[in-house]
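Engineer: Next comes target-v5.csv, CSV, N, CA and C atoms:
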chain,number,residue,atom,x,y,z
A,1,MET,N,0.8,-1.2,0.0
A,1,MET,CA,0.0,0.0,0.0
A,1,MET,C,0.9,1.2,0.0
A,2,PHE,N,0.5,2.3,-0.7
A,2,PHE,CA,1.2,3.5,-0.8
A,2,PHE,C,0.5,4.7,-0.1
A,3,ASP,N,1.3,5.5,0.5
A,3,ASP,CA,0.7,6.7,1.1
A,3,ASP,C,0.8,7.8,0.1
A,4,LEU,N,-0.4,8.2,-0.4
A,4,LEU,CA,-0.5,9.2,-1.5
A,4,LEU,C,-0.8,10.6,-1.1
A,5,ILE,N,-0.6,10.9,0.2
A,5,ILE,CA,-1.0,12.2,0.7
A,5,ILE,C,-0.1,13.3,0.0
A,6,GLY,N,1.2,13.1,0.0
A,6,GLY,CA,2.1,14.0,-0.7
A,6,GLY,C,1.8,14.1,-2.2
A,7,GLY,N,1.5,13.0,-2.8
A,7,GLY,CA,1.2,13.0,-4.2
A,7,GLY,C,-0.1,13.7,-4.5
A,8,ARG,N,-1.1,13.5,-3.7
A,8,ARG,CA,-2.4,14.2,-3.9
A,8,ARG,C,-2.2,15.7,-3.7
A,9,ALA,N,-1.4,16.1,-2.7
A,9,ALA,CA,-1.2,17.6,-2.5
A,9,ALA,C,-0.5,18.2,-3.7
A,10,THR,N,0.5,17.5,-4.3
A,10,THR,CA,1.2,18.0,-5.4
A,10,THR,C,0.2,18.1,-6.6
A,11,TRP,N,-0.5,17.0,-6.8
A,11,TRP,CA,-1.5,17.0,-7.9
A,11,TRP,C,-2.5,18.1,-7.8
A,12,THR,N,-3.0,18.3,-6.7
A,12,THR,CA,-4.0,19.4,-6.5
A,12,THR,C,-3.4,20.8,-6.6
A,13,ALA,N,-2.1,20.9,-6.1
A,13,ALA,CA,-1.4,22.2,-6.2
A,13,ALA,C,-1.2,22.6,-7.7
A,14,LEU,N,-1.1,21.7,-8.6
A,14,LEU,CA,-1.0,21.9,-10.0
A,14,LEU,C,-2.3,22.2,-10.7
A,15,GLY,N,-3.4,22.2,-9.9
A,15,GLY,CA,-4.7,22.5,-10.4
A,15,GLY,C,-5.3,21.3,-11.2
A,16,LEU,N,-4.8,20.1,-11.0
A,16,LEU,CA,-5.3,19.0,-11.7
A,16,LEU,C,-6.5,18.4,-10.9
A,17,PRO,N,-7.5,17.8,-11.6
A,17,PRO,CA,-8.7,17.4,-10.9
A,17,PRO,C,-8.5,16.2,-10.0
A,18,THR,N,-9.2,16.2,-8.9
A,18,THR,CA,-9.2,15.1,-8.0
A,18,THR,C,-10.5,14.4,-8.1
A,19,GLU,N,-10.6,13.3,-7.5
A,19,GLU,CA,-11.9,12.6,-7.7
A,19,GLU,C,-13.0,13.2,-6.9
A,20,GLY,N,-14.2,13.2,-7.5
A,20,GLY,CA,-15.4,13.7,-6.8
A,20,GLY,C,-15.4,15.3,-6.8
A,21,SER,N,-16.6,15.8,-6.7
A,21,SER,CA,-16.8,17.2,-6.7
A,21,SER,C,-16.4,17.9,-5.4
A,22,VAL,N,-16.5,17.1,-4.3
A,22,VAL,CA,-16.3,17.7,-2.9
A,22,VAL,C,-14.8,18.0,-2.8
A,23,GLY,N,-13.9,17.1,-3.3
A,23,GLY,CA,-12.5,17.3,-3.1
A,23,GLY,C,-11.9,18.5,-3.7
A,24,ASP,N,-12.5,19.0,-4.8
A,24,ASP,CA,-12.0,20.2,-5.5
A,24,ASP,C,-12.6,21.5,-5.1
A,25,ARG,N,-13.8,21.4,-4.4
A,25,ARG,CA,-14.5,22.5,-4.0
A,25,ARG,C,-13.7,23.5,-3.1
A,26,GLY,N,-13.6,24.7,-3.5
A,26,GLY,CA,-13.0,25.7,-2.6
A,26,GLY,C,-11.5,25.6,-2.5
A,27,ARG,N,-10.8,25.1,-3.5
A,27,ARG,CA,-9.4,25.0,-3.5
A,27,ARG,C,-8.8,26.2,-4.3
A,28,VAL,N,-7.7,26.7,-3.8
A,28,VAL,CA,-7.0,27.9,-4.4
A,28,VAL,C,-6.6,27.6,-5.9
A,29,ALA,N,-6.2,26.4,-6.2
A,29,ALA,CA,-5.7,26.1,-7.5
A,29,ALA,C,-6.7,26.6,-8.6
A,30,ALA,N,-8.0,26.6,-8.4
A,30,ALA,CA,-8.9,27.1,-9.4
A,30,ALA,C,-8.9,28.6,-9.6
A,31,SER,N,-8.2,29.3,-8.8
A,31,SER,CA,-8.2,30.8,-8.9
A,31,SER,C,-6.8,31.4,-9.3
A,32,VAL,N,-5.8,30.5,-9.6
A,32,VAL,CA,-4.5,31.0,-9.9
A,32,VAL,C,-4.4,31.8,-11.2
A,33,GLN,N,-3.8,33.0,-11.1
A,33,GLN,CA,-3.7,33.9,-12.2
A,33,GLN,C,-2.2,34.0,-12.6
A,34,ARG,N,-1.9,34.3,-13.8
A,34,ARG,CA,-0.6,34.5,-14.3
A,34,ARG,C,0.1,35.7,-13.6
A,35,VAL,N,1.4,35.6,-13.4
A,35,VAL,CA,2.1,36.7,-12.8
A,35,VAL,C,3.4,36.9,-13.6
A,36,ASP,N,3.8,38.1,-13.8
A,36,ASP,CA,5.0,38.4,-14.5
A,36,ASP,C,6.2,38.0,-13.7
A,37,SER,N,7.3,37.6,-14.4
A,37,SER,CA,8.5,37.1,-13.7
A,37,SER,C,9.7,37.6,-14.4
A,38,VAL,N,10.9,37.5,-13.7
A,38,VAL,CA,12.2,37.8,-14.3
A,38,VAL,C,13.2,36.9,-13.6
A,39,SER,N,14.3,36.7,-14.3
A,39,SER,CA,15.3,35.8,-13.8
A,39,SER,C,16.1,36.5,-12.7
A,40,PHE,N,16.5,35.7,-11.7
A,40,PHE,CA,17.4,36.2,-10.6
A,40,PHE,C,18.6,36.9,-11.1
A,41,HIS,N,19.1,36.5,-12.3
A,41,HIS,CA,20.3,37.0,-12.9
A,41,HIS,C,20.1,38.3,-13.8
A,42,ALA,N,18.9,38.7,-13.8
A,42,ALA,CA,18.5,39.9,-14.6
A,42,ALA,C,19.0,41.2,-14.0
A,43,THR,N,18.9,42.3,-14.7
A,43,THR,CA,19.2,43.6,-14.2
A,43,THR,C,18.0,44.5,-14.4
A,44,MET,N,18.1,45.7,-13.8
A,44,MET,CA,17.0,46.6,-14.0
A,44,MET,C,16.7,46.9,-15.4
A,45,ALA,N,17.7,46.9,-16.3
A,45,ALA,CA,17.4,47.1,-17.7
A,45,ALA,C,16.5,46.0,-18.3
A,46,ASP,N,16.7,44.8,-17.8
A,46,ASP,CA,15.8,43.7,-18.3
A,46,ASP,C,14.4,43.9,-17.7
A,47,VAL,N,14.3,44.3,-16.5
A,47,VAL,CA,12.9,44.6,-15.9
A,47,VAL,C,12.2,45.6,-16.8
A,48,ARG,N,12.9,46.7,-17.1
A,48,ARG,CA,12.2,47.8,-17.8
A,48,ARG,C,11.8,47.3,-19.2
A,49,LYS,N,12.6,46.5,-19.9
A,49,LYS,CA,12.3,46.0,-21.2
A,49,LYS,C,11.0,45.1,-21.2
A,50,SER,N,10.8,44.4,-20.1
A,50,SER,CA,9.6,43.5,-20.0
A,50,SER,C,8.3,44.2,-19.6
A,51,ALA,N,8.4,45.5,-19.2
A,51,ALA,CA,7.2,46.3,-18.8
A,51,ALA,C,6.3,45.4,-17.9
A,52,PRO,N,6.7,45.0,-16.8
A,52,PRO,CA,6.0,44.1,-16.0
A,52,PRO,C,4.8,44.7,-15.2
A,53,ARG,N,3.9,43.8,-14.8
A,53,ARG,CA,2.9,44.2,-13.8
A,53,ARG,C,3.6,43.8,-12.4
A,54,TYR,N,3.3,44.6,-11.4
A,54,TYR,CA,3.8,44.3,-10.1
A,54,TYR,C,2.8,43.6,-9.2
A,55,PRO,N,3.1,42.8,-8.3
A,55,PRO,CA,4.5,42.4,-8.0
A,55,PRO,C,5.1,41.5,-9.1
A,56,LEU,N,6.4,41.6,-9.2
A,56,LEU,CA,7.2,40.8,-10.2
A,56,LEU,C,7.9,39.7,-9.5
A,57,ALA,N,7.6,38.4,-9.9
A,57,ALA,CA,8.3,37.3,-9.3
A,57,ALA,C,9.7,37.2,-9.8
A,58,VAL,N,10.6,36.9,-8.9
A,58,VAL,CA,12.0,36.7,-9.3
A,58,VAL,C,12.3,35.2,-9.2
A,59,LEU,N,12.7,34.6,-10.3
A,59,LEU,CA,12.8,33.1,-10.4
A,59,LEU,C,14.3,32.7,-10.6
A,60,GLY,N,14.6,31.6,-9.9
A,60,GLY,CA,15.9,30.9,-10.1
A,60,GLY,C,15.8,29.8,-11.1
A,61,ALA,N,16.7,28.8,-10.9
A,61,ALA,CA,16.7,27.6,-11.8
A,61,ALA,C,15.4,26.9,-11.7
A,62,ASN,N,14.9,26.3,-12.8
A,62,ASN,CA,13.7,25.5,-12.8
A,62,ASN,C,12.4,26.3,-12.4
A,63,ASP,N,12.4,27.6,-12.5
A,63,ASP,CA,11.3,28.5,-12.2
A,63,ASP,C,10.9,28.5,-10.7
A,64,VAL,N,11.9,28.2,-9.9
A,64,VAL,CA,11.7,28.3,-8.4
A,64,VAL,C,11.6,29.7,-8.0
A,65,LEU,N,10.6,30.1,-7.2
A,65,LEU,CA,10.4,31.4,-6.7
A,65,LEU,C,11.4,31.8,-5.7
A,66,LEU,N,12.3,32.8,-5.9
A,66,LEU,CA,13.3,33.2,-5.0
A,66,LEU,C,12.9,34.5,-4.3
A,67,GLY,N,12.1,35.4,-4.9
A,67,GLY,CA,11.8,36.7,-4.3
A,67,GLY,C,10.8,37.4,-5.2
A,68,ALA,N,10.5,38.6,-4.8
A,68,ALA,CA,9.5,39.4,-5.5
A,68,ALA,C,10.0,40.9,-5.5
A,69,ILE,N,9.6,41.6,-6.5
A,69,ILE,CA,9.8,43.0,-6.6
A,69,ILE,C,8.5,43.7,-6.6
A,70,GLU,N,8.2,44.5,-5.6
A,70,GLU,CA,6.9,45.2,-5.4
A,70,GLU,C,6.8,46.4,-6.4
A,71,ALA,N,7.8,47.1,-6.6
A,71,ALA,CA,7.8,48.3,-7.4
A,71,ALA,C,9.3,48.7,-7.7
A,72,THR,N,9.5,49.5,-8.7
A,72,THR,CA,10.8,50.0,-9.0
A,72,THR,C,10.8,51.5,-9.2
A,73,SER,N,11.9,52.1,-9.1
A,73,SER,CA,12.1,53.5,-9.3
A,73,SER,C,12.7,53.8,-10.6
A,74,ASP,N,12.3,54.9,-11.2
A,74,ASP,CA,12.9,55.3,-12.5
A,74,ASP,C,14.3,55.7,-12.3
A,75,ALA,N,14.7,56.1,-11.1
A,75,ALA,CA,16.0,56.5,-10.8
A,75,ALA,C,17.0,55.4,-10.6
A,76,GLU,N,16.5,54.1,-10.6
A,76,GLU,CA,17.3,53.0,-10.4
A,76,GLU,C,18.2,52.8,-11.6
A,77,PRO,N,19.5,52.7,-11.4
A,77,PRO,CA,20.4,52.5,-12.6
A,77,PRO,C,20.2,51.2,-13.3
A,78,GLU,N,20.3,51.2,-14.6
A,78,GLU,CA,20.1,50.1,-15.5
A,78,GLU,C,20.8,48.8,-15.1
A,79,GLU,N,22.1,49.0,-14.6
A,79,GLU,CA,22.9,47.8,-14.3
A,79,GLU,C,22.6,47.2,-12.9
A,80,THR,N,21.7,47.8,-12.2
A,80,THR,CA,21.3,47.2,-10.8
A,80,THR,C,20.8,45.8,-11.0
A,81,PRO,N,21.4,44.9,-10.3
A,81,PRO,CA,21.0,43.5,-10.3
A,81,PRO,C,19.6,43.3,-9.6
A,82,VAL,N,18.8,42.5,-10.2
A,82,VAL,CA,17.5,42.2,-9.6
A,82,VAL,C,17.6,41.7,-8.2
A,83,ALA,N,18.7,41.0,-7.9
A,83,ALA,CA,18.9,40.4,-6.6
A,83,ALA,C,19.0,41.5,-5.5
A,84,HIS,N,19.4,42.7,-5.9
A,84,HIS,CA,19.5,43.8,-5.0
A,84,HIS,C,18.1,44.5,-4.8
A,85,LEU,N,17.2,44.3,-5.7
A,85,LEU,CA,15.9,45.0,-5.6
A,85,LEU,C,14.8,44.1,-5.0
A,86,MET,N,15.0,42.8,-5.0
A,86,MET,CA,13.9,41.9,-4.6
A,86,MET,C,13.8,41.7,-3.1
A,87,VAL,N,12.6,41.4,-2.6
A,87,VAL,CA,12.4,41.0,-1.3
A,87,VAL,C,12.5,39.5,-1.3
A,88,PRO,N,13.4,38.9,-0.6
A,88,PRO,CA,13.6,37.4,-0.7
A,88,PRO,C,12.5,36.7,0.0
A,89,ALA,N,12.3,35.5,-0.4
A,89,ALA,CA,11.3,34.5,0.2
A,89,ALA,C,10.0,35.1,0.5
A,90,PRO,N,9.2,35.5,-0.6
A,90,PRO,CA,7.9,36.1,-0.3
A,90,PRO,C,6.9,35.0,0.2
A,91,HIS,N,5.8,35.5,0.7
A,91,HIS,CA,4.8,34.5,1.2
A,91,HIS,C,4.3,33.7,0.0
A,92,THR,N,4.1,32.4,0.3
A,92,THR,CA,3.6,31.5,-0.7
A,92,THR,C,2.6,30.6,-0.1
A,93,ILE,N,1.7,30.0,-1.0
A,93,ILE,CA,0.8,28.9,-0.6
A,93,ILE,C,0.8,27.9,-1.6
A,94,ARG,N,0.2,26.8,-1.3
A,94,ARG,CA,0.0,25.7,-2.3
A,94,ARG,C,-1.4,25.7,-2.9
A,95,GLY,N,-1.6,25.2,-4.1
A,95,GLY,CA,-2.9,25.2,-4.7
A,95,GLY,C,-3.9,24.4,-4.0
A,96,ALA,N,-3.5,23.5,-3.2
A,96,ALA,CA,-4.4,22.6,-2.5
A,96,ALA,C,-5.1,23.2,-1.3
A,97,VAL,N,-4.6,24.4,-0.9
A,97,VAL,CA,-5.2,25.0,0.3
A,97,VAL,C,-6.6,25.5,0.0
A,98,ARG,N,-7.5,25.5,1.0
A,98,ARG,CA,-8.8,25.9,0.8
A,98,ARG,C,-8.9,27.4,0.8
A,99,VAL,N,-9.8,27.9,-0.1
A,99,VAL,CA,-10.0,29.3,-0.3
A,99,VAL,C,-10.3,30.1,1.0
A,100,ASP,N,-11.2,29.5,1.8
A,100,ASP,CA,-11.5,30.1,3.1
A,100,ASP,C,-10.3,30.4,4.0
A,101,ASP,N,-9.4,29.4,4.1
A,101,ASP,CA,-8.2,29.5,4.9
A,101,ASP,C,-7.3,30.6,4.4
A,102,VAL,N,-7.2,30.7,3.1
A,102,VAL,CA,-6.3,31.7,2.5
A,102,VAL,C,-6.9,33.1,2.7
A,103,VAL,N,-8.1,33.3,2.5
A,103,VAL,CA,-8.8,34.6,2.7
A,103,VAL,C,-8.5,35.0,4.2
A,104,LYS,N,-8.7,34.1,5.1
A,104,LYS,CA,-8.5,34.5,6.5
A,104,LYS,C,-7.0,34.9,6.8
A,105,ARG,N,-6.1,34.1,6.2
A,105,ARG,CA,-4.7,34.4,6.4
A,105,ARG,C,-4.3,35.8,5.7
A,106,LEU,N,-4.8,36.0,4.5
A,106,LEU,CA,-4.4,37.3,3.8
A,106,LEU,C,-5.0,38.5,4.6
A,107,ARG,N,-6.2,38.4,5.1
A,107,ARG,CA,-6.7,39.4,5.9
A,107,ARG,C,-5.9,39.6,7.2
A,108,LYS,N,-5.6,38.6,7.9
A,108,LYS,CA,-4.8,38.6,9.1
A,108,LYS,C,-3.4,39.3,8.9
A,109,ASP,N,-2.8,38.9,7.7
A,109,ASP,CA,-1.4,39.5,7.4
A,109,ASP,C,-1.5,40.8,6.6
A,110,HIS,N,-2.7,41.3,6.4
A,110,HIS,CA,-2.9,42.6,5.7
A,110,HIS,C,-2.3,42.5,4.3
A,111,LEU,N,-2.5,41.4,3.6
A,111,LEU,CA,-2.0,41.2,2.2
A,111,LEU,C,-3.1,41.2,1.2
A,112,ASP,N,-2.9,41.6,0.0
A,112,ASP,CA,-4.0,41.6,-1.0
A,112,ASP,C,-3.7,40.5,-2.1
A,113,ARG,N,-2.6,39.8,-2.0
A,113,ARG,CA,-2.3,38.7,-2.9
A,113,ARG,C,-1.2,37.9,-2.3
A,114,VAL,N,-1.0,36.7,-2.9
A,114,VAL,CA,0.0,35.8,-2.5
A,114,VAL,C,0.4,34.9,-3.7
A,115,PHE,N,1.7,34.5,-3.8
A,115,PHE,CA,2.1,33.6,-4.8
A,115,PHE,C,1.7,32.2,-4.5
A,116,VAL,N,1.4,31.4,-5.6
A,116,VAL,CA,1.1,30.0,-5.4
A,116,VAL,C,2.3,29.2,-6.1
A,117,THR,N,2.8,28.3,-5.3
A,117,THR,CA,3.9,27.4,-5.8
A,117,THR,C,3.6,26.0,-5.5
A,118,THR,N,4.4,25.1,-6.2
A,118,THR,CA,4.3,23.7,-5.9
A,118,THR,C,5.1,23.4,-4.6
A,119,VAL,N,5.1,22.2,-4.2
A,119,VAL,CA,5.8,21.8,-3.0
A,119,VAL,C,7.3,22.0,-3.2
A,120,ASN,N,7.8,22.1,-4.4
A,120,ASN,CA,9.2,22.3,-4.7
A,120,ASN,C,9.6,23.7,-4.9
A,121,GLY,N,8.6,24.6,-4.8
A,121,GLY,CA,8.8,26.1,-4.9
A,121,GLY,C,8.7,26.6,-6.3
A,122,VAL,N,8.2,25.8,-7.3
A,122,VAL,CA,8.0,26.2,-8.6
A,122,VAL,C,6.8,27.1,-8.7
A,123,LEU,N,7.0,28.3,-9.3
A,123,LEU,CA,5.9,29.3,-9.3
A,123,LEU,C,4.8,28.8,-10.3
A,124,LEU,N,3.5,28.9,-9.8
A,124,LEU,CA,2.4,28.6,-10.6
A,124,LEU,C,1.6,29.8,-11.0
A,125,GLY,N,1.7,30.9,-10.1
A,125,GLY,CA,1.0,32.1,-10.4
A,125,GLY,C,0.7,32.8,-9.1
A,126,GLU,N,-0.3,33.6,-9.0
A,126,GLU,CA,-0.7,34.2,-7.8
A,126,GLU,C,-2.2,34.2,-7.7
A,127,VAL,N,-2.7,34.4,-6.5
A,127,VAL,CA,-4.1,34.6,-6.2
A,127,VAL,C,-4.3,35.9,-5.5
A,128,THR,N,-5.4,36.6,-5.7
A,128,THR,CA,-5.7,37.9,-5.1
A,128,THR,C,-6.8,37.7,-4.1
A,129,LEU,N,-6.8,38.5,-3.1
A,129,LEU,CA,-7.9,38.5,-2.1
A,129,LEU,C,-9.2,38.8,-2.7
A,130,ASP,N,-9.3,39.8,-3.6
A,130,ASP,CA,-10.5,40.1,-4.3
A,130,ASP,C,-11.1,39.0,-5.0
A,131,GLU,N,-10.3,38.3,-5.8
A,131,GLU,CA,-10.7,37.1,-6.6
A,131,GLU,C,-11.2,36.0,-5.7
A,132,LEU,N,-10.5,35.7,-4.6
A,132,LEU,CA,-10.9,34.6,-3.7
A,132,LEU,C,-12.2,35.0,-3.0
A,133,GLU,N,-12.4,36.2,-2.6
A,133,GLU,CA,-13.6,36.6,-1.9
A,133,GLU,C,-14.8,36.5,-2.8
A,134,ARG,N,-14.6,36.7,-4.1
A,134,ARG,CA,-15.7,36.4,-5.1
A,134,ARG,C,-16.1,35.0,-5.2
A,135,LYS,N,-15.1,34.1,-5.0
A,135,LYS,CA,-15.3,32.6,-5.1
A,135,LYS,C,-16.0,32.0,-3.9
A,136,LYS,N,-16.0,32.8,-2.8
A,136,LYS,CA,-16.6,32.2,-1.6
A,136,LYS,C,-18.1,32.0,-1.6
Could you render the structure from this file as structure tokens?
Structural biologist:
Amino acid sequence: MFDLIGGRATWTALGLPTEGSVGDRGRVAASVQRVDSVSFHATMADVRKSAPRYPLAVLGANDVLLGAIEATSDAEPEETPVAHLMVPAPHTIRGAVRVDDVVKRLRKDHLDRVFVTTVNGVLLGEVTLDELERKK
């Protein structure tokens, strides 16, 4: 016999269907939205070229989320490394988490959005408090 708890969590975090309608009801994976990203090795010049929406996810190897950039200044020199601008280790959740739990946590932490990652830290996207409250 196999213990599939970790496997199911990963499966659900990727937004893949689980059996039955009750298992999927109210999971964050159904509300994940695309988020702009940039490589950890990028510079401010690269960020400006991409004309991102903020927050901007900073990704390392294999699309693992390393940090986030909330905003940038026009005065920031072009050669500034993204690593100097990012907030390391931003808040994340997994797609298998229930919407109600995430809404409570976002309100408690005074956040309006959070990144969604796999158990290995691979970025899937983000969810916003407004979107989750509409789903409740």
Engineer: I'd like the neighbourhood of range 61-65 of chain A as a list in words, where a residue qualifies if any of its atoms comes within 5 Å (using all atoms listed in the file), though same-chain residues fewer than 2 positions away should be ignored.
Structural biologist: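 Residues near the query, excluding close chain neighbours: Val58, Leu59, Gly67, Gly121, Val122 and Leu123 of chain A.
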Engineer: Given the point (4.3, 43.9, -7.0) in the file's coordinates, find the residues that have an atom at most 5 Å from it, counting all atoms listed in the file, and give them as a ChimeraX atom specification.
Structural biologist: /A:54-56,69-71
Engineer: Store the residues picked out above, limited to N, CA and C atoms, as a compact mmCIF listing (two decimals), in the frame of the given file.
Structural biologist:
# COMPACT_ATOMS: atom_id res chain seq x y z
N TYR A 54 3.30 44.60 -11.40
CA TYR A 54 3.80 44.30 -10.10
C TYR A 54 2.80 43.60 -9.20
N PRO A 55 3.10 42.80 -8.30
CA PRO A 55 4.50 42.40 -8.00
C PRO A 55 5.10 41.50 -9.10
N LEU A 56 6.40 41.60 -9.20
CA LEU A 56 7.20 40.80 -10.20
C LEU A 56 7.90 39.70 -9.50
N ILE A 69 9.60 41.60 -6.50
CA ILE A 69 9.80 43.00 -6.60
C ILE A 69 8.50 43.70 -6.60
N GLU A 70 8.20 44.50 -5.60
CA GLU A 70 6.90 45.20 -5.40
C GLU A 70 6.80 46.40 -6.40
N ALA A 71 7.80 47.10 -6.60
CA ALA A 71 7.80 48.30 -7.40
C ALA A 71 9.30 48.70 -7.70
Engineer: Would you please give, as a ChimeraX atom specification, all residues of chain A that DSSP assigns to helix (DSSP H, G or I) based on the backbone?
Structural biologist: /A:5-13,21-24,28-31,44-50,61-63,82-85,99-109,129-135
Engineer: Where in chain A does DSSP assign strand (DSSP E or B), given as a PyMOL selection string?
Structural biologist: chain A and resi 27+33+37-39+43+56-59+64-69+81+87-88+92-93+98+113-117+122-128
Engineer: Applying 7 Å and only C-alpha atoms, which residues near Met86 in chain A remain after dropping the ones on its own chain fewer than 2 positions away? List them as a list in words.
Structural biologist: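 What passes the distance filter is Gly67, Ala68, Ile69, Val82, Ala83, His84 and Pro88 of chain A.
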Engineer: For atom C of Val114 in chain A and CA of Val127 in chain A, quote the distance in Å rounded to one decimal.
Structural biologist: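 The value is 5.2 Å.
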Engineer: Of the candidates A:Pro81, A:Gly95, A:Pro52, A:Pro90, which shows the shortest atom-to-atom distance to Leu66 in chain A, using only N, CA and C atoms?
Structural biologist: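 Of all the options, A:Pro90 lies closest to Leu66 in chain A.
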Engineer: What does the structure give for the distance between CA of Ala89 in chain A and CA of Glu133 in chain A, in Å to one decimal?
Structural biologist: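 Between CA of Ala89 in chain A and CA of Glu133 in chain A the gap works out to 25.1 Å.
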Engineer: Residues within 6 Å of range 98-104 of chain A, please, as a count of residues only. Count only N, CA and C atoms; anything in the same chain fewer than 5 positions from it doesn't count.
Structural biologist: 4
Engineer: Would you work out the distance separating CA of Ser37 in chain A from atom C of Thr72 in chain A, expressed in Å to one decimal?
Structural biologist: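 Atom-to-atom, CA of Ser37 in chain A to atom C of Thr72 in chain A, that is 15.3 Å.
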